[in-house]
>>> print(open('model-v4.cif').read())   # mmCIF, C-alpha atoms
data_final
loop_
_atom_site.label_atom_id
_atom_site.label_comp_id
_atom_site.auth_asym_id
_atom_site.auth_seq_id
_atom_site.Cartn_x
_atom_site.Cartn_y
_atom_site.Cartn_z
CA MET A 221 109.42 23.76 56.22
CA ILE A 222 110.89 24.76 59.53
CA ARG A 223 107.44 24.85 61.06
CA ASN A 224 106.64 21.33 59.85
CA TRP A 225 109.91 20.06 61.18
CA TRP A 226 109.21 21.57 64.57
CA HIS A 227 105.64 20.36 64.53
CA ASP A 228 106.65 16.77 63.82
CA LEU A 229 109.43 16.77 66.33
CA ALA A 230 107.41 18.36 69.09
CA ALA A 231 104.17 16.44 68.58
CA PRO A 232 104.83 13.46 70.83
CA TYR A 233 106.15 15.70 73.60
CA ARG A 234 103.29 18.14 73.25
CA ASP A 235 100.72 15.36 73.44
CA ARG A 236 102.43 13.83 76.42
CA MET A 237 102.60 17.18 78.15
CA ILE A 238 98.86 17.66 78.14
CA ASP A 239 97.68 14.11 78.63
CA TYR A 240 95.47 13.07 81.59
CA PRO A 241 94.65 16.64 82.62
CA SER A 242 92.95 17.19 85.96
CA PRO A 243 91.97 20.27 88.01
CA ALA A 244 94.75 21.83 90.07
CA PRO A 245 94.14 21.14 93.76
CA ASP A 246 93.37 24.69 94.88
CA VAL A 247 90.98 25.67 92.10
CA VAL A 248 87.45 26.48 93.31
CA VAL A 249 84.78 25.58 90.78
CA GLU A 250 81.20 26.77 90.40
CA ASP A 251 78.82 26.10 87.54
CA LEU A 252 77.00 29.16 86.26
CA ASP A 253 74.39 28.37 83.63
CA GLU A 254 76.33 26.67 80.82
CA ASP A 255 79.53 28.41 81.87
CA VAL A 256 82.05 27.30 84.45
CA CYS A 257 83.58 29.78 86.89
CA LEU A 258 87.02 28.97 88.24
CA TYR A 259 88.75 30.79 91.07
CA ARG A 260 92.34 30.63 92.20
CA ALA A 261 92.66 32.32 95.57
CA ASP A 262 96.45 32.19 95.48
CA ILE A 263 96.54 34.66 92.59
CA ASP A 264 93.04 36.07 93.19
CA GLU A 265 91.86 35.35 89.67
CA VAL A 266 88.46 34.42 88.31
CA LEU A 267 88.29 32.65 85.00
CA VAL A 268 84.98 32.10 83.24
CA LEU A 269 84.87 29.26 80.73
CA ASN A 270 82.21 29.31 78.05
CA GLN A 271 80.15 26.23 77.35
CA SER A 272 82.60 24.43 75.08
CA ALA A 273 85.65 25.16 77.23
CA GLY A 274 83.53 24.19 80.23
CA ASP A 275 82.79 20.85 78.60
CA VAL A 276 86.51 20.22 78.30
CA TRP A 277 86.97 21.20 81.94
CA ARG A 278 84.24 18.85 83.13
CA LEU A 279 85.85 15.90 81.32
CA ALA A 280 89.36 16.72 82.53
CA ASP A 281 89.17 14.42 85.52
CA GLY A 282 92.65 12.89 85.44
CA GLN A 283 91.22 9.63 84.16
CA ARG A 284 90.72 10.55 80.53
CA THR A 285 93.46 11.19 78.02
CA LEU A 286 93.37 14.26 75.87
CA THR A 287 92.37 12.07 72.96
CA ALA A 288 89.54 10.48 74.93
CA ILE A 289 88.20 13.90 75.88
CA ALA A 290 88.33 15.10 72.30
CA ASP A 291 86.74 11.91 70.96
CA GLN A 292 83.87 12.17 73.40
CA LEU A 293 83.21 15.83 72.60
CA ALA A 294 83.44 15.22 68.86
CA ARG A 295 80.73 12.56 69.21
CA VAL A 296 78.52 14.80 71.37
CA TYR A 297 78.90 17.82 69.12
CA GLY A 298 78.78 15.83 65.91
CA ALA A 299 81.67 17.99 64.76
CA ASP A 300 84.80 17.46 62.72
CA GLU A 301 87.15 15.32 64.80
CA ALA A 302 90.34 17.06 63.77
CA ALA A 303 88.90 20.47 64.63
CA VAL A 304 87.65 19.30 68.02
CA HIS A 305 91.00 17.67 68.82
CA ALA A 306 92.79 20.92 67.99
CA ASP A 307 90.39 22.97 70.10
CA VAL A 308 90.65 20.62 73.06
CA ARG A 309 94.42 20.68 72.86
CA THR A 310 94.37 24.49 72.84
CA VAL A 311 92.00 24.75 75.81
CA VAL A 312 93.92 22.22 77.89
CA ALA A 313 97.28 23.79 77.08
CA ASP A 314 95.96 27.23 78.00
CA LEU A 315 94.41 26.09 81.28
CA ALA A 316 97.57 24.17 82.16
CA ALA A 317 99.73 27.21 81.40
CA ARG A 318 97.51 29.31 83.68
CA GLY A 319 97.76 26.76 86.46
CA TYR A 320 94.15 25.57 86.45
CA LEU A 321 94.89 22.12 85.06
CA VAL A 322 97.68 19.81 86.05
CA GLY A 323 98.69 16.34 85.04
CA ALA A 324 101.49 15.14 82.87
CA ALA A 325 101.97 18.77 81.92
CA SER A 326 103.21 19.77 85.34
CA VAL A 327 104.58 16.45 86.49
CA GLY A 328 106.56 15.68 83.41
CA SER A 329 107.89 19.09 82.48
CA MET B 837 84.13 49.54 117.06
CA MET B 838 84.59 52.79 118.91
CA VAL B 839 85.32 55.69 116.60
CA THR B 840 86.15 59.21 117.64
CA LEU B 841 85.16 61.58 114.88
CA GLN B 842 86.65 65.02 114.66
CA VAL B 843 85.68 67.20 111.72
CA LEU B 844 88.12 70.06 111.61
CA GLY B 845 86.58 72.24 108.90
CA ALA B 846 83.72 74.52 109.85
CA ALA B 847 82.74 75.76 106.40
CA VAL B 848 80.49 72.84 105.54
CA THR B 849 77.47 71.94 107.57
CA VAL B 850 77.14 68.33 108.65
CA PRO B 851 73.78 66.91 107.55
CA ALA B 852 71.42 66.61 110.48
CA ASP B 853 71.01 62.88 110.03
CA LEU B 854 74.70 62.05 109.59
CA HIS B 855 74.95 60.40 112.96
CA ARG B 856 71.86 58.29 112.37
CA ARG B 857 73.11 57.24 108.95
CA LEU B 858 76.55 56.35 110.17
CA SER B 859 75.09 54.32 113.01
CA ARG B 860 73.87 51.88 110.35
CA LEU B 861 77.34 51.00 109.15
CA PRO B 862 77.84 47.24 108.84
CA THR B 863 78.43 45.69 112.20
CA THR B 864 81.91 44.80 113.27
CA ASP B 865 83.13 41.42 114.35
CA ARG B 866 85.70 42.50 116.86
CA PRO B 867 86.34 45.47 119.11
CA ALA B 868 88.62 48.12 117.68
CA ASP B 869 89.28 51.74 118.30
CA ALA B 870 89.95 54.38 115.75
CA GLU B 871 90.22 58.10 115.63
CA VAL B 872 89.20 59.94 112.51
CA ARG B 873 90.40 63.46 111.94
CA ALA B 874 89.21 65.01 108.73
CA ASP B 875 88.95 68.49 107.38
CA ASN B 876 85.37 68.14 106.17
CA PRO B 877 82.43 65.76 106.47
CA ALA B 878 83.07 64.15 103.07
CA HIS B 879 86.59 63.14 104.08
CA ALA B 880 85.35 61.98 107.46
CA LEU B 881 82.73 59.85 105.74
CA ALA B 882 85.32 58.31 103.42
CA GLU B 883 87.54 57.42 106.35
CA LEU B 884 84.66 56.00 108.36
CA THR B 885 83.64 53.91 105.37
CA ARG B 886 87.15 52.55 105.05
CA LEU B 887 87.13 51.58 108.72
CA ALA B 888 83.69 50.01 108.54
CA VAL B 889 84.61 47.90 105.53
CA ALA B 890 87.94 46.86 107.02
CA HIS B 891 86.23 45.52 110.13
CA SER B 892 83.03 44.19 108.64
CA PRO B 893 82.41 40.45 108.76
CA LEU B 894 80.28 40.89 105.65
CA LEU B 895 81.63 40.62 102.13
CA CYS B 896 81.76 44.25 101.01
CA VAL B 897 81.89 45.00 97.30
CA HIS B 898 82.47 48.46 95.89
CA ALA B 899 79.06 49.06 94.35
CA GLY B 900 76.06 51.29 94.37
CA VAL B 901 72.89 49.51 95.44
CA VAL B 902 69.27 50.55 95.07
CA SER B 903 65.98 48.74 95.46
CA GLY B 904 63.70 48.42 92.46
CA PRO B 905 60.44 46.83 91.35
CA ASP B 906 61.57 43.25 91.88
CA GLY B 907 64.56 43.38 94.19
CA LEU B 908 67.92 45.02 94.58
CA ILE B 909 70.07 46.39 91.79
CA ALA B 910 73.85 46.33 92.29
CA ILE B 911 76.11 48.56 90.21
CA PRO B 912 79.76 47.63 90.82
CA GLY B 913 82.34 50.28 90.09
CA GLU B 914 85.36 52.07 91.42
CA SER B 915 85.44 55.59 92.78
CA GLY B 916 85.40 58.33 90.20
CA LEU B 917 83.23 56.53 87.67
CA GLY B 918 80.09 58.44 88.54
CA LYS B 919 78.57 55.70 90.67
CA THR B 920 77.23 58.06 93.31
CA THR B 921 75.74 60.37 90.69
CA LEU B 922 74.04 57.39 89.01
CA VAL B 923 72.69 56.17 92.34
CA ALA B 924 71.40 59.67 93.09
CA ALA B 925 69.70 59.78 89.69
CA LEU B 926 68.12 56.37 90.37
CA LEU B 927 66.73 57.68 93.66
CA ARG B 928 65.19 60.62 91.81
CA ALA B 929 63.69 58.11 89.34
CA GLY B 930 61.89 56.26 92.12
CA PHE B 931 64.37 53.63 93.28
CA GLY B 932 65.03 53.13 97.00
CA TYR B 933 68.39 53.82 98.60
CA VAL B 934 70.58 51.02 99.92
CA SER B 935 74.10 52.38 99.41
CA ASP B 936 76.22 54.45 97.08
CA GLU B 937 79.37 52.66 98.16
CA ALA B 938 79.10 49.06 99.32
CA LEU B 939 77.12 45.95 98.57
CA ALA B 940 77.42 44.30 101.99
CA LEU B 941 76.64 40.60 101.64
CA ASP B 942 76.32 37.80 104.13
CA ARG B 943 78.52 35.12 102.61
CA ASP B 944 76.25 32.30 103.75
CA SER B 945 72.75 33.61 103.14
CA GLY B 946 73.35 36.24 100.46
CA ALA B 947 71.33 38.71 102.55
CA VAL B 948 72.21 42.35 101.93
CA THR B 949 72.79 44.78 104.77
CA PRO B 950 71.96 48.38 103.84
CA PHE B 951 74.74 50.91 104.10
CA PRO B 952 72.80 54.11 103.43
CA ARG B 953 75.42 56.74 104.05
CA PRO B 954 74.93 60.31 102.83
CA LEU B 955 75.80 60.88 99.18
CA SER B 956 78.77 63.09 98.42
CA LEU B 957 77.84 65.05 95.29
CA ARG B 958 79.64 67.82 93.45
CA GLY B 959 77.77 71.05 92.98
CA ASP B 960 77.66 70.68 89.20
CA VAL B 961 75.40 67.61 89.39
CA TRP B 962 72.90 69.08 91.84
CA PRO B 963 70.92 70.90 89.11
CA LEU B 964 70.86 67.73 86.99
CA LEU B 965 69.25 65.95 89.91
CA GLY B 966 66.83 68.75 90.62
CA ILE B 967 68.11 69.62 94.06
CA ALA B 968 68.76 73.12 95.27
CA PRO B 969 70.36 75.34 96.31
CA ALA B 970 73.47 73.97 94.63
CA PRO B 971 76.93 74.66 96.04
CA PRO B 972 79.71 75.90 93.71
CA PRO B 973 80.18 73.43 90.78
CA ASP B 974 83.47 71.94 91.97
CA GLU B 975 82.53 71.69 95.64
CA GLU B 976 81.39 68.37 97.09
CA ARG B 977 78.66 68.35 99.68
CA LEU B 978 77.02 65.53 101.57
CA VAL B 979 73.38 65.09 100.63
CA PRO B 980 71.05 63.18 102.93
CA PRO B 981 69.33 60.37 101.00
CA ALA B 982 65.97 61.71 102.15
CA ALA B 983 66.59 64.76 99.98
CA LEU B 984 66.76 62.53 96.89
CA GLU B 985 64.56 59.52 97.59
CA ARG B 986 61.03 59.39 96.25
CA ALA B 987 60.43 55.87 97.51
CA ALA B 988 61.68 54.07 100.59
CA ALA B 989 64.13 51.23 100.12
CA THR B 990 62.70 47.76 100.32
CA ASP B 991 64.46 44.67 101.56
CA GLY B 992 65.32 41.99 99.12
CA ARG B 993 67.99 40.05 97.35
CA VAL B 994 70.12 41.19 94.47
CA ARG B 995 67.97 40.71 91.38
CA HIS B 996 69.98 42.71 88.85
CA VAL B 997 73.66 43.47 88.37
CA VAL B 998 74.34 46.43 86.10
CA LEU B 999 77.81 46.80 84.62
CA ALA B 1000 77.79 50.48 83.77
CA ARG B 1001 80.32 52.64 82.00
CA ARG B 1002 80.19 56.14 80.70
CA VAL B 1003 80.53 56.70 76.98
CA PRO B 1004 79.16 59.47 74.78
CA GLY B 1005 75.74 58.94 73.29
CA PRO B 1006 72.29 57.89 74.41
CA PRO B 1007 71.91 55.36 77.22
CA ARG B 1008 71.88 51.71 76.22
CA LEU B 1009 71.04 48.64 78.22
CA ALA B 1010 71.71 45.08 77.05
CA PRO B 1011 71.69 41.65 78.69
CA ALA B 1012 75.14 40.33 79.55
CA ALA B 1013 76.67 37.01 80.57
CA ARG B 1014 76.57 36.20 84.26
CA GLY B 1015 80.27 35.36 84.23
CA GLU B 1016 81.06 39.00 83.57
CA ALA B 1017 79.21 39.98 86.74
CA VAL B 1018 81.14 37.44 88.82
CA GLN B 1019 84.41 38.92 87.63
CA ALA B 1020 83.24 42.50 88.12
CA LEU B 1021 81.93 41.95 91.64
CA LEU B 1022 84.89 39.96 92.91
CA ARG B 1023 87.38 42.36 91.34
CA ARG B 1024 85.76 45.20 93.27
CA ALA B 1025 85.45 43.40 96.59
CA PHE B 1026 87.05 45.28 99.48
CA ASN B 1027 87.62 42.39 101.82
CA HIS B 1028 87.16 39.06 100.04
CA TYR B 1029 90.72 38.15 101.01
CA ARG B 1030 89.43 37.38 104.50
CA ALA B 1031 87.55 34.33 103.19
CA PRO B 1032 88.40 34.00 99.50
CA GLU B 1033 86.65 30.75 98.68
CA ALA B 1034 83.47 31.62 100.60
CA SER B 1035 83.48 35.05 98.98
CA PHE B 1036 83.78 33.58 95.49
CA ARG B 1037 80.96 31.13 96.16
CA ALA B 1038 78.81 33.92 97.64
CA VAL B 1039 79.30 36.10 94.58
CA VAL B 1040 78.45 33.24 92.22
CA ALA B 1041 75.33 32.48 94.26
CA VAL B 1042 74.21 36.09 94.04
CA VAL B 1043 74.84 36.30 90.30
CA ARG B 1044 73.07 32.99 89.68
CA GLU B 1045 69.83 34.56 90.92
CA ALA B 1046 70.32 37.84 89.07
CA ASP B 1047 69.87 39.24 85.60
CA VAL B 1048 73.05 40.88 84.34
CA TRP B 1049 73.08 43.98 82.18
CA THR B 1050 75.68 46.14 80.54
CA ALA B 1051 74.78 49.81 80.49
CA THR B 1052 76.48 52.64 78.66
CA TYR B 1053 75.51 56.21 79.28
CA ALA B 1054 76.58 59.81 79.24
CA ASP B 1055 73.77 61.24 81.31
CA ALA B 1056 72.92 59.58 84.63
CA PRO B 1057 69.25 60.73 84.80
CA GLU B 1058 68.67 59.35 81.29
CA LEU B 1059 70.08 55.94 82.24
CA ALA B 1060 68.05 55.99 85.47
CA GLU B 1061 64.90 56.59 83.44
CA LEU B 1062 65.77 53.76 81.02
CA LEU B 1063 66.56 51.37 83.87
CA GLY B 1064 63.29 52.25 85.56
CA GLN B 1065 61.31 51.47 82.42
CA ARG B 1066 63.17 48.25 81.65
CA LEU B 1067 63.09 46.84 85.18
CA ARG B 1068 59.43 47.68 85.68
CA HIS B 1069 58.70 45.86 82.44
CA SER B 1070 60.86 42.91 83.54
CA ALA B 1071 59.11 42.76 86.93
CA ALA B 1072 55.68 42.89 85.31
CA ALA B 1073 56.62 40.09 82.91
CA THR B 1074 57.89 37.96 85.78
CA ALA B 1075 54.73 38.57 87.80
CA ALA B 1076 52.55 37.60 84.85
CA ARG B 1077 54.25 34.21 84.47
#
>>> encode(input="model-v4.cif", output="structure tokens")
Amino acid sequence: MIRNWWHDLAAPYRDRMIDYPSPAPDVVVEDLDEDVCLYRADIDEVLVLNQSAGDVWRLADGQRTLTAIADQLARVYGADEAAVHADVRTVVADLAARGYLVGAASVGS
Amino acid sequence: MMVTLQVLGAAVTVPADLHRRLSRLPTTDRPADAEVRADNPAHALAELTRLAVAHSPLLCVHAGVVSGPDGLIAIPGESGLGKTTLVAALLRAGFGYVSDEALALDRDSGAVTPFPRPLSLRGDVWPLLGIAPAPPPDEERLVPPAALERAAATDGRVRHVVLARRVPGPPRLAPAARGEAVQALLRRAFNHYRAPEASFRAVVAVVREADVWTATYADAPELAELLGQRLRHSAAATAAR
């Protein structure tokens, strides 16, 4: 009950926080097979994204909304839309929290 | 770089080719002076290595490097993980010596500069490697690579990255994701901070051309034998295509 209440209340803010994601300015990107390697020199960290997370990264260009990214991937994968939306939201939130993606998340919070 | 080397201890004999080996340290990009005072050749070598890496314009990664049937094999790892013993075992198994300490990479071309310093090996591993007469088990001595090598090193690019760790049991070798190698190599870089972005791109470029393996082993000669078999097979398969 409490969880549902929080979920409903937070939903619009959560969606707004991770909308229009784009790469943080100082992230260095290299493709490696299907994976994507990201490097942040400021914290000296390498992050390797697997193929599906890499697909999210490639579409996070600051022009697409979170919903548009998820819709496109759901079509490409032929997968359940709700599941893809949840996964995309998780990936974007994680990358934003780690400082690899910015957008409304950083600007608006 | 001008280095004054003073080895204070007299108990351990300096290998005859130490000077020649040290003269092949990676080149420096600026003049610097240093004075090394150490109580034995192993400590002197460690200090000289630290100086060479600190002043090298090359990207230096903490790794053992040998040459094999189809190129170079890099084995990243920190000190104390048995890297030198594994490299020594690989030399006994027919691989060529490039370094037991540093993968020295040109950031632009990916070319590898050999850093074939003497190998510092404890007396207890000498019998395992078939070299004699062994010093006391807990005493480290410098061993000239020529005493271990059965084949000369060949030039080449990094063709394999082996992520090795010691665990009980028989040796195992399995393909691994290239991303793991990028993380392992960059994490063990000595001097990537001098050009972080170029270093990252150089490491990715190297890994892109390489096969990546995870290896677990308890006995270095056994893993060396397994690697020899597997990489010869891999090279033969590549040549046949």
>>> residues_around(input="model-v4.cif", residues="Trp1049 of chain B", least_positions_apart="4", cutoff="6 Å", atoms="all atoms listed in the file", output="list in words")
Val998, Ala1010, Pro1011 and Ala1012 of chain B
>>> interface_residues(input="model-v4.cif", of="chain B", to="chain A", cutoff="10 Å", atoms="all atoms listed in the file", output="list of chain:residue names")
B:Ala1013, B:Arg1014, B:Gly1015, B:Glu1016, B:Val1018, B:Gln1019, B:Ala1020, B:Leu1022, B:Arg1023, B:His1028, B:Tyr1029, B:Ala1031, B:Pro1032, B:Glu1033, B:Ala1034, B:Phe1036, B:Arg1037, B:Val1040, B:Ala1041, B:Val1043, B:Arg1044
>>> resolve_selection(input="model-v4.cif", expression="the PyMOL selection byres ((chain B and resi 907-910) around 8)", output="PyMOL selection string")
chain B and resi 899-906+911-912+939+990-998
>>> residues_near_point(input="model-v4.cif", point="(81.9, 58.4, 85.8)", cutoff="8 Å", atoms="all atoms listed in the file", output="PyMOL selection string")
chain B and resi 916-919+1001-1002
>>> resolve_selection(input="model-v4.cif", expression="the PyMOL selection byres ((chain B and resi 934) around 7)", output="number ranges by chain")
B: 901-903, 932-933, 935, 950-952, 989
>>> write_last_selection(input="model-v4.cif", atoms="C-alpha atoms", output="PDB file, in the frame of the given file")
ATOM      1  CA  VAL B 901      72.890  49.510  95.440  1.00  0.00           C
ATOM      2  CA  VAL B 902      69.270  50.550  95.070  1.00  0.00           C
ATOM      3  CA  SER B 903      65.980  48.740  95.460  1.00  0.00           C
ATOM      4  CA  GLY B 932      65.030  53.130  97.000  1.00  0.00           C
ATOM      5  CA  TYR B 933      68.390  53.820  98.600  1.00  0.00           C
ATOM      6  CA  SER B 935      74.100  52.380  99.410  1.00  0.00           C
ATOM      7  CA  PRO B 950      71.960  48.380 103.840  1.00  0.00           C
ATOM      8  CA  PHE B 951      74.740  50.910 104.100  1.00  0.00           C
ATOM      9  CA  PRO B 952      72.800  54.110 103.430  1.00  0.00           C
ATOM     10  CA  ALA B 989      64.130  51.230 100.120  1.00  0.00           C
TER      11      ALA B 989
END
>>> residues_near_point(input="model-v4.cif", point="(78.9, 59.6, 100.2)", cutoff="8 Å", atoms="all atoms listed in the file", output="ChimeraX atom specification")
/B:878,881-882,920,936-937,953-957,978-979
>>> atom_distance(input="model-v4.cif", atom1="atom CA of Ser242 of chain A", atom2="atom CA of Asp291 of chain A")
17.1 Å
>>> closest_residue(input="model-v4.cif", among="A:Leu286, A:Leu279, A:Val296, A:Ile263", to="Ala313 of chain A", atoms="only C-alpha atoms")
A:Leu286
>>> resolve_selection(input="model-v4.cif", expression="the PyMOL selection byres ((chain B and resi 1004) around 9)", output="PyMOL selection string")
chain B and resi 1002-1003+1005-1007+1052-1055
>>> closest_residue(input="model-v4.cif", among="A:Tyr297, A:Asp307, A:Ala317, A:Pro241", to="Asp281 of chain A", atoms="all atoms listed in the file")
A:Pro241
>>> atom_distance(input="model-v4.cif", atom1="atom CA of Gln1065 of chain B", atom2="atom CA of Arg1024 of chain B")
27.5 Å
>>> atom_distance(input="model-v4.cif", atom1="atom CA of Val1048 of chain B", atom2="atom CA of Asp944 of chain B")
21.5 Å
>>> residues_around(input="model-v4.cif", residues="Val304 of chain A", least_positions_apart="2", cutoff="12 Å", atoms="only C-alpha atoms", output="ChimeraX atom specification")
/A:272-273,275-276,286-302,306-311
>>> write_last_selection(input="model-v4.cif", atoms="C-alpha atoms", output="mmCIF file, in the coordinates of the input")
data_model
loop_
_atom_site.group_PDB
_atom_site.id
_atom_site.type_symbol
_atom_site.label_atom_id
_atom_site.label_comp_id
_atom_site.auth_asym_id
_atom_site.auth_seq_id
_atom_site.Cartn_x
_atom_site.Cartn_y
_atom_site.Cartn_z
ATOM 1 C CA SER A 272 82.600 24.430 75.080
ATOM 2 C CA ALA A 273 85.650 25.160 77.230
ATOM 3 C CA ASP A 275 82.790 20.850 78.600
ATOM 4 C CA VAL A 276 86.510 20.220 78.300
ATOM 5 C CA LEU A 286 93.370 14.260 75.870
ATOM 6 C CA THR A 287 92.370 12.070 72.960
ATOM 7 C CA ALA A 288 89.540 10.480 74.930
ATOM 8 C CA ILE A 289 88.200 13.900 75.880
ATOM 9 C CA ALA A 290 88.330 15.100 72.300
ATOM 10 C CA ASP A 291 86.740 11.910 70.960
ATOM 11 C CA GLN A 292 83.870 12.170 73.400
ATOM 12 C CA LEU A 293 83.210 15.830 72.600
ATOM 13 C CA ALA A 294 83.440 15.220 68.860
ATOM 14 C CA ARG A 295 80.730 12.560 69.210
ATOM 15 C CA VAL A 296 78.520 14.800 71.370
ATOM 16 C CA TYR A 297 78.900 17.820 69.120
ATOM 17 C CA GLY A 298 78.780 15.830 65.910
ATOM 18 C CA ALA A 299 81.670 17.990 64.760
ATOM 19 C CA ASP A 300 84.800 17.460 62.720
ATOM 20 C CA GLU A 301 87.150 15.320 64.800
ATOM 21 C CA ALA A 302 90.340 17.060 63.770
ATOM 22 C CA ALA A 306 92.790 20.920 67.990
ATOM 23 C CA ASP A 307 90.390 22.970 70.100
ATOM 24 C CA VAL A 308 90.650 20.620 73.060
ATOM 25 C CA ARG A 309 94.420 20.680 72.860
ATOM 26 C CA THR A 310 94.370 24.490 72.840
ATOM 27 C CA VAL A 311 92.000 24.750 75.810
#
>>> residues_around(input="model-v4.cif", residues="Pro243 of chain A", least_positions_apart="6", cutoff="7 Å", atoms="all atoms listed in the file", output="list in words")
Asp281, Tyr320, Leu321 and Val322 of chain A
